[in-house]
Amino acid sequence: MSDFYQTGIITTLHQLGQPSLERLESELLGFSKMRPIALVLPALYSEFEGPAMPGIVQELAKVKYLNEVVLVLDQASEDDFRRVREFMAPIQAPVRIIHNKGKRISEVYETLKRNGLDAGPQGKGRSAWLAYGYVLARGQSDVIALHDCDIVTYSRELLARLCYPIANPNLNYVFCKGYYSRVTNKMNGRVTRLLITPLVRSLQQLVGQHGFLDFIDSFRYTLAGEFSMSTDLARINRIPSDWGLEVGSLAEVYRNYSPRRVCQVDIATTYEHKHQQLSAEDAEKGLMKMSVDICKSIFRTLASDGAVFSEGLFRSLSVTYLRQAEDTLMKYEADAMINGLTFDRHEEAKAVEAFTRAIAVAAQMFVENPMGNPLIPNWNRVSAAIPDIFEMLRLAVDADNK
Amino acid sequence: MMEFLEMMLQPLQEVFAKFNAFLPNLLAMLVILAVGILLARVLRTLLLKFLATVGFDSWSDRMGFTTLLRKGDLWMKPAAVLASLVFWLLIIVTLMVGLGALNVATIDNMVAQFFSYLPRMFSAAVILVLGYVVASFISRAVLITAVNGGHHYAKLFAEAVRALLMLMILAMVMEQLQIATNIVLAAFSILFGGIVIALAIAFGVGGIGAARRIIEKEFVDDGTDKTPDDIEHL
């Protein structure tokens with residue numbers, strides 16, 4: 001059981017006691033009549049061959065409050081697409097699969113591209129964005145929940161707790177981020193523990209009090225891939241197409257809504273999914289690539305909010321970060337000791353060194369090109385350029401699912 | 001014996017003579033077909049380049065033609081669709097001209113009919129395209145007006161207007177193409193007239209009270225003396 005401390009400027013919804021799943025689901029069933037819920041699942045075909053997806057489908061088959069499930073399937077052939085349709089059949093809610101490599105969806109991307117609206121390269125960002133577009137095109141859901149498809153420890157309680165804050169009309173939230181402890185026999189979640197938190201606190205030291213830094217620091221697990229939101233937010237939020245997806249999305253939420261309308265919810269006691277390699281020597285791969293993109297996203301958001309980044313600030317940042325990260329590392333070591341967890345201090349220190357390099361690389365990239373990669377335009381912008389885009393997208397997905 | 005052989009060979013000689021007379025026509029047809037196909041291919045390539053230069057695909061996306069193609073489950077670029085249409089039209093024209101070169105009376109008749117039908121096909125296509133643009137424009141204008149007016153069924157209303165306009169345009173196209181003109185005209189008159197009468201009855205019956213109130217307010221003098229207001233603003 002967690003404590004009840006409220007962190008930062010957003011609301012934290014803890015898991016206190018042992019809340020009944022039946023009660024949650026029955027309430028959600030009631031709420032879903034007023035605020036229908038769509039579940040978005042960005043997935044690679046390889047995930048259907050792994051251990052996580054069968055468990056997820058088995059759990060989702062028991063869920064009654066979902067209005068629709070939209071699965072965005074990437075890296076799949078026509079045969080794979082057919083197999084996935086059969087695989088998803090046990091789910092009660094209508095399931096629509098967006099075949100990202102199919103000829104119709106490729107043509108939708110082509111239409112966007114020739115109108116100067118690049119949806120970016122293949123990835124979770126683009127998949128999630130397209131799924132939001134389809135949910136908006138159907139116009140039958142008011143709430144969108146999204147979670148990854150590689151969660152080995154998935155239970156339907158995760159989904160219920162994720163949907164509840166947005167689906168409940170008595171709570172005035174528009175965005176809800178999931179959190180959980182990434183602990184097995186050791187502590188996982190290196191990027192959140194050893195990069196984001198120390199980096200944000202270092203920036204607070206250097207830049208001073210800043211709304212966005214306070215906002216980011218309020219999240220217990222910034223990189224959690226699970227969140228729910230209102231469809232209005234899905235319409236106006238822009239999405240980064242790179243690894244800065246989670247941080248960039250939070251930056252857009254911060255820009256568009258008051259923190260009072262944002263919450264985080266404890267969705268799982270245990271959470272396990274596939275892990276990324278650190279790739280400390282290659283800034284174009286693994287966690288290093290992710291770290292560089294995250295740092296760039298934070299720098300860009302702060303700069304767009306008026307913060308001035310000079311060469312001197314970046315030099316100081318490397319040193320401040322290193323100190324912060326080393327202090328954090330010691331805290332986690334103590335935490336691991338008291339809980340009897342394995343803690344490889346050498347590996348953790350190596351990760352900190354790699355993240356320090358990532359910050360330097362990101363800083364250099366930011367100085368060279370402060371604008372960086374453009375975000376995927378929001379759906380309001382897209383429909384202004386191509387008025388029939390929603391209908392086109394709906395036709396493409398529906399024809400693929402016939 | 002010689003006579004018998006002559007009798008046998010004479011028809012063959014006649015066929016050969018006819019074939020000899022026909023051969024230049026056949027060759028002319030093959031040449032026309034070959035040149036026509038080549039020309040059609042070149043024109044298709046040139047048209048594709050021209051359409052790409054003028055940004056036809058983007059224009060088509062904004063005007064809603066792309067969606068129209070997608071509704072027909074056509075997932076090619078609009079420029080490619082138009083270029084293919086032109087290509088096949090040229091192929092058909094080439095085929096007709098080629099067949100005309102054969103100098104066969106029946107075929108000549110058919111070719112003449114085809115070419116006299118061509119302007120109708122062209123005007124029908126123009127009516128369809130322009131009609132679709134106008135219907136989309138009016139439908140969108142109705143949608144915006146209805147939304148700004150706070151009507152709950154704005155989208156339904158706009159779609160109904162679009163459907164009615166498209167119905168009218170399709171009837172005009174069919175009439176232009178002279179496909180079952182009488183049936184199309186009768187069906188259109190019945191359907192359109194029916195819809196108008198249904199709406200008239202619906203609004204008429206539903207709006208009796210409102211109409212009475214408006215008439216009473218405007219034309220019926222209630223007889224009460226309206227004493228002027230003593231209070232003045234200034």
# chains A, B, ... in the order shown; residues from 1 in each chain; ligands from 1
$ interface_residues --of "chain A" --to "chain B" --cutoff "10 Å" --atoms "only C-alpha atoms" --output "list in words"
Lys103, Arg104, Ile105, Ser106, Glu107, Val108, Glu110, Thr111, Leu112, Lys113, Arg114, Asn115, Gly116, Ser383, Ala384, Ala385, Ile386, Pro387, Asp388, Ile389, Phe390, Glu391, Met392, Leu393, Leu395, Ala396 and Ala399 of chain A
$ select_by_dssp --residues "range 171-240 of chain A" --states "strand (DSSP E)" --output "list in words"
Phe175, Cys176, Lys177, Gly178, Tyr179, Tyr180, Phe227, Ser228, Met229 and Ser230 of chain A
$ residues_around --residues "His273 in chain A" --least-positions-apart "4" --cutoff "8 Å" --atoms "only C-alpha atoms" --output "PyMOL selection string"
chain A and resi 150-153
$ residues_around --residues "Phe212 in chain A" --least-positions-apart "2" --cutoff "12 Å" --atoms "only C-alpha atoms" --output "JSON, numbers by chain"
{"A": [8, 9, 10, 200, 201, 203, 204, 207, 208, 209, 210, 214, 215, 216, 217, 218, 219, 247, 248, 250, 251, 252, 253, 254, 255, 256, 257, 258, 259, 297, 298, 299, 300, 301, 302, 303, 304, 305, 306, 307]}
$ residues_around --residues "range 194-198 of chain B" --least-positions-apart "6" --cutoff "10 Å" --atoms "only C-alpha atoms" --output "number ranges by chain"
B: 164, 188, 204
$ select_by_dssp --residues "range 156-290 of chain A" --states "helix (DSSP H, G or I)" --output "short mmCIF file (atom, residue, chain, number, x, y, z; two decimals) with C-alpha atoms, in the first residue's frame"
data_model
loop_
_atom_site.label_atom_id
_atom_site.label_comp_id
_atom_site.auth_asym_id
_atom_site.auth_seq_id
_atom_site.Cartn_x
_atom_site.Cartn_y
_atom_site.Cartn_z
CA ARG A 156 -7.72 -5.35 -16.27
CA GLU A 157 -7.48 -3.42 -13.01
CA LEU A 158 -4.75 -1.36 -14.71
CA LEU A 159 -7.20 -0.30 -17.42
CA ALA A 160 -10.03 0.37 -14.99
CA ARG A 161 -7.89 2.60 -12.78
CA LEU A 162 -6.47 4.37 -15.84
CA CYS A 163 -9.90 5.17 -17.30
CA TYR A 164 -11.68 6.08 -14.07
CA PRO A 165 -10.43 9.67 -13.48
CA ILE A 166 -11.41 10.82 -16.99
CA ALA A 167 -14.56 8.74 -17.39
CA ARG A 190 16.75 3.88 -15.25
CA VAL A 191 15.87 6.77 -17.55
CA THR A 192 13.23 8.13 -15.17
CA ARG A 193 15.27 7.56 -12.01
CA LEU A 194 18.69 8.60 -13.21
CA LEU A 195 18.05 11.00 -16.06
CA ILE A 196 14.72 12.82 -15.91
CA THR A 197 14.43 13.54 -12.19
CA PRO A 198 18.05 14.67 -11.68
CA LEU A 199 17.96 16.65 -14.95
CA VAL A 200 14.73 18.44 -14.07
CA ARG A 201 16.01 19.29 -10.58
CA SER A 202 19.31 20.51 -12.01
CA LEU A 203 17.44 22.74 -14.41
CA GLN A 204 15.35 24.06 -11.51
CA GLN A 205 18.63 24.98 -9.82
CA LEU A 206 19.99 26.72 -12.90
CA VAL A 207 16.93 28.24 -14.61
CA GLY A 211 6.02 26.01 -14.25
CA PHE A 212 6.94 23.30 -16.73
CA LEU A 213 9.76 21.94 -14.57
CA ASP A 214 7.42 21.83 -11.55
CA PHE A 215 4.84 20.09 -13.74
CA ILE A 216 7.25 17.44 -15.01
CA ASP A 217 8.70 16.92 -11.55
CA SER A 218 5.19 16.25 -10.20
CA THR A 231 -11.07 13.43 -26.90
CA ASP A 232 -10.95 17.26 -26.87
CA LEU A 233 -7.35 17.01 -25.74
CA ALA A 234 -6.61 14.45 -28.44
CA ARG A 235 -7.87 16.98 -30.96
CA ILE A 236 -5.61 19.84 -29.88
CA LEU A 245 6.87 11.27 -27.05
CA GLU A 246 6.00 11.07 -23.34
CA VAL A 247 7.77 14.27 -22.27
CA GLY A 248 6.65 16.15 -25.38
CA SER A 249 3.03 15.08 -24.84
CA LEU A 250 3.21 16.26 -21.22
CA ALA A 251 4.60 19.58 -22.48
CA GLU A 252 1.57 19.95 -24.76
CA VAL A 253 -0.81 19.10 -21.90
CA TYR A 254 0.95 21.71 -19.76
CA ARG A 255 0.60 24.26 -22.54
CA ASN A 256 -3.10 23.63 -23.17
CA PRO A 259 -2.35 21.46 -13.90
CA ARG A 260 -5.54 21.31 -11.80
CA ARG A 261 -7.11 19.30 -14.61
CA GLY A 286 18.55 2.20 -27.39
CA LEU A 287 18.30 4.20 -24.20
CA MET A 288 20.93 6.70 -25.41
CA LYS A 289 18.75 7.71 -28.35
CA MET A 290 15.75 7.90 -26.02
#
$ residues_around --residues "Glu333 in chain A" --least-positions-apart "3" --cutoff "8 Å" --atoms "only C-alpha atoms" --output "ChimeraX atom specification"
/A:329-330,336-337,343,345
$ write_last_selection --atoms "N, CA and C atoms" --output "CSV table (one decimal), in the first residue's frame"
chain,number,residue,atom,x,y,z
A,329,LEU,N,21.5,8.4,-7.0
A,329,LEU,CA,22.0,7.0,-7.0
A,329,LEU,C,22.2,6.5,-5.6
A,330,MET,N,22.8,7.3,-4.7
A,330,MET,CA,23.0,6.9,-3.4
A,330,MET,C,21.7,6.7,-2.6
A,336,ALA,N,17.3,0.3,-2.1
A,336,ALA,CA,17.4,-1.1,-2.5
A,336,ALA,C,17.9,-2.0,-1.3
A,337,MET,N,18.8,-1.5,-0.6
A,337,MET,CA,19.4,-2.2,0.6
A,337,MET,C,18.3,-2.6,1.6
A,343,PHE,N,21.3,-4.4,-6.4
A,343,PHE,CA,21.6,-3.0,-6.8
A,343,PHE,C,23.0,-3.0,-7.4
A,345,ARG,N,25.7,-1.1,-8.5
A,345,ARG,CA,26.1,0.3,-8.4
A,345,ARG,C,27.0,0.7,-9.6
$ atom_distance --atom1 "CA of Asn182 in chain B" --atom2 "CA of Leu199 in chain B"
25.3 Å
